[in-house]
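The structure file target.csv is reproduced below (CSV, C-alpha atoms).
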```csv
chain,number,residue,atom,x,y,z
Q,74,MET,CA,-21.3,-14.2,7.4
Q,75,SER,CA,-23.1,-15.5,4.3
Q,76,ASP,CA,-21.3,-18.0,2.0
Q,77,LYS,CA,-20.5,-15.3,-0.5
Q,78,ALA,CA,-19.1,-11.9,0.5
Q,79,VAL,CA,-20.6,-9.1,-1.5
Q,80,LYS,CA,-18.5,-6.3,-2.8
Q,81,THR,CA,-20.0,-2.9,-2.2
Q,82,ALA,CA,-19.0,0.5,-3.4
Q,83,VAL,CA,-18.8,3.1,-0.7
Q,84,THR,CA,-19.6,6.6,-1.9
Q,85,PRO,CA,-20.3,9.4,0.6
Q,86,ALA,CA,-22.9,12.0,-0.5
Q,87,ASN,CA,-21.3,15.2,-1.7
Q,88,HIS,CA,-17.9,13.5,-2.2
Q,89,VAL,CA,-16.0,14.7,-5.3
Q,90,PRO,CA,-16.5,11.9,-7.8
Q,91,PRO,CA,-13.4,9.8,-8.5
Q,92,PRO,CA,-11.7,11.0,-11.8
Q,93,ALA,CA,-11.8,7.4,-13.2
Q,94,ARG,CA,-13.6,4.1,-12.8
Q,95,PHE,CA,-12.8,3.5,-9.2
Q,96,SER,CA,-14.7,3.8,-5.9
Q,97,ALA,CA,-14.0,6.2,-3.1
Q,98,GLY,CA,-14.2,3.1,-0.9
Q,99,VAL,CA,-15.1,-0.5,-1.3
Q,100,ARG,CA,-16.2,-3.1,1.2
Q,101,LYS,CA,-16.1,-6.8,0.9
Q,102,GLY,CA,-16.7,-9.0,3.9
Q,103,ASN,CA,-14.9,-7.4,6.9
Q,104,ILE,CA,-12.5,-5.5,4.7
Q,105,LEU,CA,-13.0,-1.8,3.9
Q,106,GLN,CA,-10.5,-0.1,1.7
Q,107,VAL,CA,-10.6,3.6,1.3
Q,108,ALA,CA,-9.1,5.0,-1.9
Q,109,GLY,CA,-6.5,7.8,-1.8
Q,110,GLN,CA,-8.2,10.9,-0.6
Q,111,VAL,CA,-6.9,14.5,-1.1
Q,112,GLY,CA,-8.1,17.8,0.4
Q,113,PHE,CA,-11.0,18.5,-1.9
Q,114,LEU,CA,-14.0,20.3,-0.4
Q,115,PRO,CA,-17.4,18.7,-0.8
Q,116,ALA,CA,-18.5,18.7,-4.4
Q,117,GLU,CA,-20.5,21.7,-5.7
Q,118,GLU,CA,-22.6,21.4,-8.8
Q,119,GLY,CA,-20.7,23.0,-11.7
Q,120,LYS,CA,-17.5,23.7,-9.8
Q,121,PRO,CA,-14.2,21.8,-10.4
Q,122,PRO,CA,-12.7,19.9,-7.5
Q,123,THR,CA,-11.3,22.5,-5.1
Q,124,PRO,CA,-8.8,22.0,-2.3
Q,125,ALA,CA,-9.8,23.3,1.1
Q,126,GLY,CA,-6.8,25.7,1.0
Q,127,PRO,CA,-3.2,26.0,0.0
Q,128,THR,CA,-1.8,25.1,3.4
Q,129,LEU,CA,-0.7,21.7,4.7
Q,130,ARG,CA,-3.1,22.2,7.7
Q,131,ALA,CA,-6.1,22.9,5.6
Q,132,GLN,CA,-5.5,20.1,3.2
Q,133,THR,CA,-4.6,17.5,5.9
Q,134,GLU,CA,-7.7,18.3,7.9
Q,135,GLN,CA,-9.9,18.1,4.8
Q,136,THR,CA,-8.2,14.9,3.6
Q,137,LEU,CA,-8.7,13.2,7.0
Q,138,SER,CA,-12.3,14.3,7.0
Q,139,ASN,CA,-12.8,12.8,3.5
Q,140,VAL,CA,-11.2,9.5,4.6
Q,141,LYS,CA,-13.5,9.5,7.7
Q,142,ALA,CA,-16.6,10.1,5.5
Q,143,VAL,CA,-15.7,7.0,3.5
Q,144,LEU,CA,-15.1,4.9,6.6
Q,145,GLU,CA,-18.4,5.9,8.1
Q,146,GLU,CA,-20.3,5.4,4.9
Q,147,GLY,CA,-18.9,1.9,4.9
Q,148,GLY,CA,-20.0,1.2,8.4
Q,149,ALA,CA,-16.6,1.7,10.1
Q,150,SER,CA,-14.8,4.4,11.9
Q,151,TRP,CA,-11.2,5.4,12.6
Q,152,GLU,CA,-11.2,2.9,15.4
Q,153,ASP,CA,-11.4,0.1,12.8
Q,154,ALA,CA,-8.4,1.5,10.7
Q,155,VAL,CA,-5.5,-0.9,10.7
Q,156,MET,CA,-3.3,1.0,8.1
Q,157,ILE,CA,-3.1,4.6,7.1
Q,158,ARG,CA,-0.9,5.5,4.2
Q,159,VAL,CA,0.3,9.0,4.0
Q,160,TYR,CA,1.8,10.6,0.9
Q,161,LEU,CA,3.5,14.0,1.4
Q,162,THR,CA,5.4,16.0,-1.2
Q,163,ASP,CA,8.1,17.5,1.0
Q,164,THR,CA,10.1,16.0,3.9
Q,165,ALA,CA,10.0,19.4,5.5
Q,166,HIS,CA,6.3,18.9,6.1
Q,167,PHE,CA,6.7,15.9,8.4
Q,168,ALA,CA,6.8,17.6,11.8
Q,169,GLU,CA,3.9,19.9,11.1
Q,170,PHE,CA,1.9,17.0,9.6
Q,171,ASN,CA,2.5,14.9,12.7
Q,172,GLN,CA,1.2,17.7,14.9
Q,173,ILE,CA,-2.0,18.0,12.9
Q,174,TYR,CA,-2.3,14.2,12.8
Q,175,ASP,CA,-1.9,13.8,16.5
Q,176,ALA,CA,-4.3,16.5,17.4
Q,177,TYR,CA,-6.9,14.9,15.0
Q,178,PHE,CA,-6.5,11.5,16.6
Q,179,ALA,CA,-6.2,12.7,20.2
Q,180,GLU,CA,-9.4,10.9,21.3
Q,181,LEU,CA,-9.0,7.4,19.8
Q,182,GLU,CA,-10.1,4.7,22.1
Q,183,GLN,CA,-8.7,1.8,20.1
Q,184,PRO,CA,-5.0,1.5,19.4
Q,185,PRO,CA,-4.0,3.8,16.5
Q,186,ALA,CA,-3.5,2.3,13.1
Q,187,ALA,CA,-0.1,1.4,11.7
Q,188,ARG,CA,1.1,4.1,9.2
Q,189,THR,CA,3.6,4.5,6.4
Q,190,THR,CA,4.7,7.9,5.3
Q,191,VAL,CA,6.6,8.5,2.0
Q,192,TYR,CA,7.3,11.5,-0.2
Q,193,VAL,CA,6.0,11.5,-3.7
Q,194,GLY,CA,4.8,13.7,-6.5
Q,195,LEU,CA,1.2,14.7,-6.4
Q,196,PRO,CA,-0.8,16.8,-8.9
Q,197,ALA,CA,-0.1,20.5,-8.8
Q,198,GLY,CA,-1.4,22.3,-5.7
Q,199,LEU,CA,-1.9,19.1,-3.6
Q,200,LEU,CA,0.4,18.6,-0.6
Q,201,VAL,CA,-1.1,15.4,0.9
Q,202,GLU,CA,-2.9,12.2,0.0
Q,203,ILE,CA,-4.1,9.6,2.4
Q,204,ASP,CA,-5.7,6.1,2.1
Q,205,CYS,CA,-6.8,3.7,4.7
Q,206,LEU,CA,-7.4,0.0,5.2
Q,207,ALA,CA,-10.0,-0.9,7.9
Q,208,VAL,CA,-11.0,-4.3,9.3
Q,209,LEU,CA,-14.5,-4.4,10.7
Q,210,GLY,CA,-15.0,-6.0,14.1
Z,1034,MET,CA,-13.0,-16.5,16.3
Z,1035,SER,CA,-15.1,-14.5,18.8
Z,1036,ASP,CA,-18.0,-12.4,17.5
Z,1037,LYS,CA,-16.0,-9.3,17.8
Z,1038,ALA,CA,-12.4,-9.0,16.5
Z,1039,VAL,CA,-10.2,-7.0,18.9
Z,1040,LYS,CA,-7.7,-4.5,17.6
Z,1041,THR,CA,-4.4,-4.7,19.3
Z,1042,ALA,CA,-1.3,-2.5,19.1
Z,1043,VAL,CA,1.9,-4.4,18.5
Z,1044,THR,CA,4.9,-2.7,20.0
Z,1045,PRO,CA,8.2,-4.5,20.3
Z,1046,ALA,CA,10.3,-3.8,23.4
Z,1047,ASN,CA,13.2,-1.4,22.6
Z,1048,HIS,CA,11.6,-0.3,19.4
Z,1049,VAL,CA,12.0,3.4,18.6
Z,1050,PRO,CA,8.6,5.0,19.4
Z,1051,PRO,CA,6.6,6.1,16.4
Z,1052,PRO,CA,7.0,9.9,15.8
Z,1053,ALA,CA,3.2,10.3,15.9
Z,1054,ARG,CA,0.0,8.7,17.0
Z,1055,PHE,CA,0.4,5.4,15.2
Z,1056,SER,CA,1.4,1.9,16.1
Z,1057,ALA,CA,4.5,0.0,14.9
Z,1058,GLY,CA,2.0,-2.7,14.1
Z,1059,VAL,CA,-1.6,-3.5,14.7
Z,1060,ARG,CA,-3.5,-6.8,14.7
Z,1061,LYS,CA,-7.2,-7.3,14.2
Z,1062,GLY,CA,-8.6,-10.7,13.6
Z,1063,ASN,CA,-6.2,-12.6,11.4
Z,1064,ILE,CA,-4.7,-9.4,9.8
Z,1065,LEU,CA,-1.4,-8.0,11.1
Z,1066,GLN,CA,-0.2,-4.8,9.5
Z,1067,VAL,CA,3.3,-3.6,10.1
Z,1068,ALA,CA,3.9,0.1,9.8
Z,1069,GLY,CA,6.7,1.5,7.7
Z,1070,GLN,CA,10.0,0.6,9.3
Z,1071,VAL,CA,13.4,2.2,8.7
Z,1072,GLY,CA,16.9,1.2,9.7
Z,1073,PHE,CA,16.8,2.7,13.3
Z,1074,LEU,CA,18.8,0.8,15.9
Z,1075,PRO,CA,16.9,-0.3,19.1
Z,1076,ALA,CA,16.0,2.8,21.2
Z,1077,GLU,CA,18.4,4.0,23.8
Z,1078,GLU,CA,17.2,6.3,26.6
Z,1079,GLY,CA,18.1,9.9,25.9
Z,1080,LYS,CA,19.4,9.3,22.4
Z,1081,PRO,CA,17.6,10.3,19.2
Z,1082,PRO,CA,16.6,7.7,16.7
Z,1083,THR,CA,19.8,6.5,15.0
Z,1084,PRO,CA,20.2,4.6,11.8
Z,1085,ALA,CA,22.2,1.4,11.9
Z,1086,GLY,CA,24.7,3.0,9.4
Z,1087,PRO,CA,24.9,5.0,6.3
Z,1088,THR,CA,25.0,2.1,3.9
Z,1089,LEU,CA,22.1,0.4,2.1
Z,1090,ARG,CA,23.2,-2.9,3.5
Z,1091,ALA,CA,23.3,-1.7,7.1
Z,1092,GLN,CA,19.9,0.0,6.8
Z,1093,THR,CA,18.2,-2.8,4.9
Z,1094,GLU,CA,19.3,-5.5,7.4
Z,1095,GLN,CA,18.2,-3.3,10.3
Z,1096,THR,CA,14.9,-2.4,8.6
Z,1097,LEU,CA,14.1,-6.1,8.0
Z,1098,SER,CA,15.0,-6.9,11.6
Z,1099,ASN,CA,12.6,-4.2,12.7
Z,1100,VAL,CA,9.8,-5.5,10.6
Z,1101,LYS,CA,10.5,-9.0,11.9
Z,1102,ALA,CA,10.3,-7.8,15.5
Z,1103,VAL,CA,6.8,-6.4,14.9
Z,1104,LEU,CA,5.7,-9.6,13.1
Z,1105,GLU,CA,6.9,-11.7,16.0
Z,1106,GLU,CA,5.5,-9.4,18.6
Z,1107,GLY,CA,2.1,-9.8,16.8
Z,1108,GLY,CA,2.3,-13.6,16.8
Z,1109,ALA,CA,3.4,-14.0,13.2
Z,1110,SER,CA,6.6,-14.5,11.2
Z,1111,TRP,CA,7.9,-13.8,7.7
Z,1112,GLU,CA,6.2,-17.0,6.7
Z,1113,ASP,CA,2.8,-15.2,7.2
Z,1114,ALA,CA,3.7,-12.2,5.2
Z,1115,VAL,CA,1.6,-11.7,2.1
Z,1116,MET,CA,2.9,-8.3,1.0
Z,1117,ILE,CA,6.1,-6.4,1.5
Z,1118,ARG,CA,6.3,-2.8,0.3
Z,1119,VAL,CA,9.8,-1.5,-0.3
Z,1120,TYR,CA,10.6,2.1,-0.6
Z,1121,LEU,CA,14.0,3.0,-1.9
Z,1122,THR,CA,15.4,6.4,-2.8
Z,1123,ASP,CA,17.5,5.5,-5.8
Z,1124,THR,CA,16.9,3.1,-8.7
Z,1125,ALA,CA,20.7,2.5,-8.7
Z,1126,HIS,CA,20.2,0.6,-5.3
Z,1127,PHE,CA,17.8,-2.0,-6.8
Z,1128,ALA,CA,20.4,-4.7,-7.6
Z,1129,GLU,CA,22.2,-4.5,-4.3
Z,1130,PHE,CA,19.0,-4.3,-2.4
Z,1131,ASN,CA,17.8,-7.5,-4.1
Z,1132,GLN,CA,21.0,-9.3,-3.2
Z,1133,ILE,CA,20.6,-8.4,0.5
Z,1134,TYR,CA,16.9,-9.3,0.4
Z,1135,ASP,CA,17.5,-12.7,-1.2
Z,1136,ALA,CA,20.2,-13.6,1.3
Z,1137,TYR,CA,17.9,-12.5,4.2
Z,1138,PHE,CA,15.0,-14.7,2.9
Z,1139,ALA,CA,17.1,-17.7,1.8
Z,1140,GLU,CA,15.5,-20.0,4.2
Z,1141,LEU,CA,11.8,-19.3,3.9
Z,1142,GLU,CA,9.7,-22.4,4.0
Z,1143,GLN,CA,6.4,-20.8,2.8
Z,1144,PRO,CA,6.2,-19.1,-0.5
Z,1145,PRO,CA,7.7,-15.6,-0.4
Z,1146,ALA,CA,5.4,-12.6,0.0
Z,1147,ALA,CA,4.3,-10.5,-3.0
Z,1148,ARG,CA,6.4,-7.3,-3.2
Z,1149,THR,CA,6.2,-3.8,-4.7
Z,1150,THR,CA,9.3,-1.6,-4.9
Z,1151,VAL,CA,9.1,2.1,-5.8
Z,1152,TYR,CA,11.5,5.0,-5.5
Z,1153,VAL,CA,10.4,7.9,-3.3
Z,1154,GLY,CA,11.8,10.6,-1.1
Z,1155,LEU,CA,12.6,9.7,2.5
Z,1156,PRO,CA,13.9,11.9,5.4
Z,1157,ALA,CA,17.6,12.8,5.1
Z,1158,GLY,CA,20.0,9.9,5.8
Z,1159,LEU,CA,17.4,7.2,5.2
Z,1160,LEU,CA,17.8,5.0,2.1
Z,1161,VAL,CA,15.0,2.4,2.7
Z,1162,GLU,CA,11.6,2.0,4.3
Z,1163,ILE,CA,9.6,-1.3,4.4
Z,1164,ASP,CA,6.2,-2.2,5.6
Z,1165,CYS,CA,4.4,-5.5,5.6
Z,1166,LEU,CA,0.9,-7.1,5.6
Z,1167,ALA,CA,0.6,-10.5,7.2
Z,1168,VAL,CA,-2.4,-12.9,7.3
Z,1169,LEU,CA,-2.2,-15.3,10.2
Z,1170,GLY,CA,-2.9,-19.0,9.6
E,806,MET,CA,-12.4,-23.0,5.5
E,807,SER,CA,-10.0,-25.4,7.1
E,808,ASP,CA,-8.5,-24.5,10.5
E,809,LYS,CA,-5.2,-23.4,9.0
E,810,ALA,CA,-5.1,-21.1,6.0
E,811,VAL,CA,-2.4,-22.2,3.5
E,812,LYS,CA,-0.2,-19.6,1.8
E,813,THR,CA,0.2,-20.3,-1.9
E,814,ALA,CA,2.5,-18.7,-4.4
E,815,VAL,CA,0.7,-17.5,-7.6
E,816,THR,CA,2.8,-17.7,-10.6
E,817,PRO,CA,1.3,-17.4,-14.1
E,818,ALA,CA,2.9,-19.4,-16.8
E,819,ASN,CA,5.1,-17.2,-19.1
E,820,HIS,CA,5.3,-14.4,-16.5
E,821,VAL,CA,8.7,-12.7,-16.2
E,822,PRO,CA,10.2,-14.2,-13.0
E,823,PRO,CA,10.4,-11.7,-10.1
E,824,PRO,CA,13.9,-10.2,-9.8
E,825,ALA,CA,14.2,-11.3,-6.2
E,826,ARG,CA,12.8,-13.8,-3.7
E,827,PHE,CA,9.2,-12.6,-4.0
E,828,SER,CA,6.1,-14.0,-5.6
E,829,ALA,CA,4.1,-12.5,-8.5
E,830,GLY,CA,1.1,-13.1,-6.2
E,831,VAL,CA,0.3,-14.9,-3.0
E,832,ARG,CA,-2.9,-16.2,-1.7
E,833,LYS,CA,-3.7,-17.0,1.9
E,834,GLY,CA,-7.3,-17.7,3.0
E,835,ASN,CA,-9.5,-15.3,1.1
E,836,ILE,CA,-6.8,-12.7,0.6
E,837,LEU,CA,-5.0,-12.5,-2.8
E,838,GLN,CA,-2.2,-10.0,-3.1
E,839,VAL,CA,-0.7,-9.2,-6.5
E,840,ALA,CA,2.9,-7.9,-6.5
E,841,GLY,CA,3.8,-4.7,-8.3
E,842,GLN,CA,3.5,-5.4,-12.1
E,843,VAL,CA,5.0,-3.5,-14.9
E,844,GLY,CA,4.6,-3.6,-18.6
E,845,PHE,CA,6.8,-6.5,-19.4
E,846,LEU,CA,5.8,-8.8,-22.2
E,847,PRO,CA,5.5,-12.6,-21.5
E,848,ALA,CA,8.9,-14.1,-20.8
E,849,GLU,CA,11.0,-15.5,-23.7
E,850,GLU,CA,13.8,-17.9,-23.1
E,851,GLY,CA,17.1,-16.1,-23.3
E,852,LYS,CA,15.7,-12.6,-23.6
E,853,PRO,CA,15.8,-10.0,-20.8
E,854,PRO,CA,12.5,-8.6,-19.5
E,855,THR,CA,11.1,-6.4,-22.3
E,856,PRO,CA,8.5,-3.7,-21.9
E,857,ALA,CA,5.5,-3.9,-24.3
E,858,GLY,CA,6.6,-0.6,-25.7
E,859,PRO,CA,7.7,2.9,-24.9
E,860,THR,CA,4.3,4.5,-24.6
E,861,LEU,CA,2.1,4.9,-21.6
E,862,ARG,CA,-0.7,3.1,-23.4
E,863,ALA,CA,1.4,0.1,-24.4
E,864,GLN,CA,2.8,-0.3,-20.9
E,865,THR,CA,-0.5,0.3,-19.1
E,866,GLU,CA,-2.4,-2.2,-21.1
E,867,GLN,CA,0.4,-4.8,-20.6
E,868,THR,CA,0.6,-4.0,-16.9
E,869,LEU,CA,-3.1,-4.5,-16.4
E,870,SER,CA,-2.9,-7.7,-18.4
E,871,ASN,CA,-0.1,-8.9,-16.1
E,872,VAL,CA,-2.1,-8.1,-13.0
E,873,LYS,CA,-5.1,-9.9,-14.4
E,874,ALA,CA,-3.0,-13.0,-15.1
E,875,VAL,CA,-2.0,-13.1,-11.5
E,876,LEU,CA,-5.6,-12.6,-10.3
E,877,GLU,CA,-6.8,-15.4,-12.5
E,878,GLU,CA,-4.0,-17.8,-11.6
E,879,GLY,CA,-5.0,-17.2,-8.0
E,880,GLY,CA,-8.6,-18.0,-8.6
E,881,ALA,CA,-9.9,-14.4,-8.7
E,882,SER,CA,-10.8,-11.7,-11.3
E,883,TRP,CA,-10.9,-7.9,-11.4
E,884,GLU,CA,-14.4,-8.3,-9.9
E,885,ASP,CA,-12.7,-9.3,-6.6
E,886,ALA,CA,-10.2,-6.5,-6.5
E,887,VAL,CA,-10.7,-4.1,-3.6
E,888,MET,CA,-7.6,-2.0,-4.1
E,889,ILE,CA,-5.5,-1.0,-7.1
E,890,ARG,CA,-2.3,0.9,-6.4
E,891,VAL,CA,-1.1,2.9,-9.4
E,892,TYR,CA,2.4,4.3,-9.6
E,893,LEU,CA,3.1,6.7,-12.4
E,894,THR,CA,6.2,8.7,-13.1
E,895,ASP,CA,4.7,12.0,-14.3
E,896,THR,CA,1.6,13.9,-13.3
E,897,ALA,CA,1.2,14.8,-16.9
E,898,HIS,CA,0.2,11.2,-17.6
E,899,PHE,CA,-2.8,11.2,-15.3
E,900,ALA,CA,-5.5,12.1,-17.8
E,901,GLU,CA,-4.3,9.7,-20.5
E,902,PHE,CA,-3.8,7.0,-17.9
E,903,ASN,CA,-7.4,7.4,-16.7
E,904,GLN,CA,-8.7,7.1,-20.3
E,905,ILE,CA,-6.9,3.9,-20.8
E,906,TYR,CA,-8.0,2.6,-17.3
E,907,ASP,CA,-11.6,3.5,-17.9
E,908,ALA,CA,-11.7,1.8,-21.3
E,909,TYR,CA,-10.1,-1.3,-19.8
E,910,PHE,CA,-12.6,-1.5,-17.0
E,911,ALA,CA,-15.7,-0.5,-19.0
E,912,GLU,CA,-17.5,-3.8,-18.5
E,913,LEU,CA,-17.0,-4.5,-14.8
E,914,GLU,CA,-20.1,-5.9,-13.1
E,915,GLN,CA,-19.0,-5.5,-9.5
E,916,PRO,CA,-18.3,-2.0,-8.2
E,917,PRO,CA,-14.8,-0.9,-9.2
E,918,ALA,CA,-11.9,-1.3,-6.7
E,919,ALA,CA,-10.7,1.6,-4.6
E,920,ARG,CA,-7.5,3.2,-6.1
E,921,THR,CA,-4.6,5.3,-5.0
E,922,THR,CA,-2.4,7.0,-7.6
E,923,VAL,CA,1.0,8.6,-6.7
E,924,TYR,CA,4.0,9.7,-8.7
E,925,VAL,CA,7.3,8.0,-8.0
E,926,GLY,CA,10.6,7.0,-9.6
E,927,LEU,CA,10.7,3.7,-11.5
E,928,PRO,CA,13.5,2.0,-13.3
E,929,ALA,CA,14.6,3.6,-16.6
E,930,GLY,CA,12.1,3.1,-19.4
E,931,LEU,CA,9.1,2.1,-17.1
E,932,LEU,CA,6.2,4.5,-16.9
E,933,VAL,CA,3.8,2.6,-14.8
E,934,GLU,CA,3.6,0.0,-12.0
E,935,ILE,CA,0.4,-1.4,-10.6
E,936,ASP,CA,-0.4,-3.8,-7.7
E,937,CYS,CA,-3.7,-5.1,-6.4
E,938,LEU,CA,-5.3,-6.5,-3.3
E,939,ALA,CA,-8.3,-8.9,-3.9
E,940,VAL,CA,-10.7,-10.4,-1.4
E,941,LEU,CA,-12.2,-13.6,-2.7
E,942,GLY,CA,-15.9,-14.2,-2.2
```

What would the structure in this file look like if it were written as structure tokens?
Amino acid sequence: MSDKAVKTAVTPANHVPPPARFSAGVRKGNILQVAGQVGFLPAEEGKPPTPAGPTLRAQTEQTLSNVKAVLEEGGASWEDAVMIRVYLTDTAHFAEFNQIYDAYFAELEQPPAARTTVYVGLPAGLLVEIDCLAVLG
Amino acid sequence: MSDKAVKTAVTPANHVPPPARFSAGVRKGNILQVAGQVGFLPAEEGKPPTPAGPTLRAQTEQTLSNVKAVLEEGGASWEDAVMIRVYLTDTAHFAEFNQIYDAYFAELEQPPAARTTVYVGLPAGLLVEIDCLAVLG
Amino acid sequence: MSDKAVKTAVTPANHVPPPARFSAGVRKGNILQVAGQVGFLPAEEGKPPTPAGPTLRAQTEQTLSNVKAVLEEGGASWEDAVMIRVYLTDTAHFAEFNQIYDAYFAELEQPPAARTTVYVGLPAGLLVEIDCLAVLG
């Protein structure tokens, strides 16, 4: 490593731009932090941010895909994730969320990340938000 | 440190298994992340996860004990904790929670961790969830 | 870096003391974690913690000022922040919060931090809480 770690914004192409002055991800040294992602489809010129669908499944799969895009743009992968924070809006979604999550991560080679799941308010129409901390090898 | 940091799952014996594909803790390099812990008693064959009791005190003490077990299994201790995230369900619990917390940490030698406390929804019957980030010396 | 990273409490002068055994910030190695800050004015002898005002703007500006004080006391600045966690109490505050946030960070030279915003409960009278993870260069 050089003497001075550089901080780099991580911005996947086609990602919906953050609604304020923050980065979709940021890397400094071996730390890669992914900002809270929701289930927005890739950005389309002239269209407002649009969720992948109204269902927990559609939004969770898109959200995970959005987190993954930031990890990969930052030179990492799910294998490097040490913490995944999951924000749901309804405790009744926990079991289905875990099924979707487990299927998504079925083929991990490294140990899975730690995780915390809590139930919060999110903007209308959004059922899930996920962020992630990765440590690069 | 070797060229390549290895990611290791941290799983205390007798810990209730996580309800999805995540680790109770994960260590990579000098970073140890403890997943959100609740007040479940040690696992017993054939029994569902069982909280230590209905009270804030019983659950908080068990939750802290569960976090500590992950820290220790990962080669760390509370002295290495830099951030403790506390999720309560009721702002009326704050004062009592702090009393329990302060008594628990009365004998720390290192400076206490930073902490954030917010009020969220948790699965029925659970009053507290705690996770922790540690940096090893 | 020496063989053994030292953990140091970060406590700005005039900061309202934490209500329990935790530090306003803590630094270990190149990691600086700022505890959840709210919009309390600087401490005054004999007075209880007092929010800067009832409005989102007053509290947000004071909260950001309090986070900044911890960053600076720990030898860092906003330029080193990799993650800013924002806790609001009402989704209707999102747009105004972002305006205040963007104005505050208008002159960053480094890429902005990642951010996650969720809606939680906070103690009566408080509209915003913010914590921050920084990685020093």

Residues within 12 Å of (17.5, 7.8, 4.1), counting only C-alpha atoms, listed as a PyMOL selection string: (chain Q and resi 164+191-192) or (chain Z and resi 1070-1073+1083-1089+1091-1093+1096+1120-1123+1152-1162)

Residues of chain Q within 6 Å of chain E, counting all atoms listed in the file, as a ChimeraX atom specification: /Q:77-78,82,93-99,108-109,193-194,196

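Nearest residue to Ala874 in chain E among E:Glu912, E:Cys937, E:Val811, E:His820 is E:His820, counting all atoms listed in the file.
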
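The space separating CA of Lys80 in chain Q from CA of Ile836 in chain E comes to 13.8 Å.
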
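CA of Lys873 in chain E to CA of Gly851 in chain E spans 24.7 Å [interatomic distance, one decimal].
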
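The coordinates place CA of Glu117 in chain Q at 24.9 Å from CA of Thr81 in chain Q.
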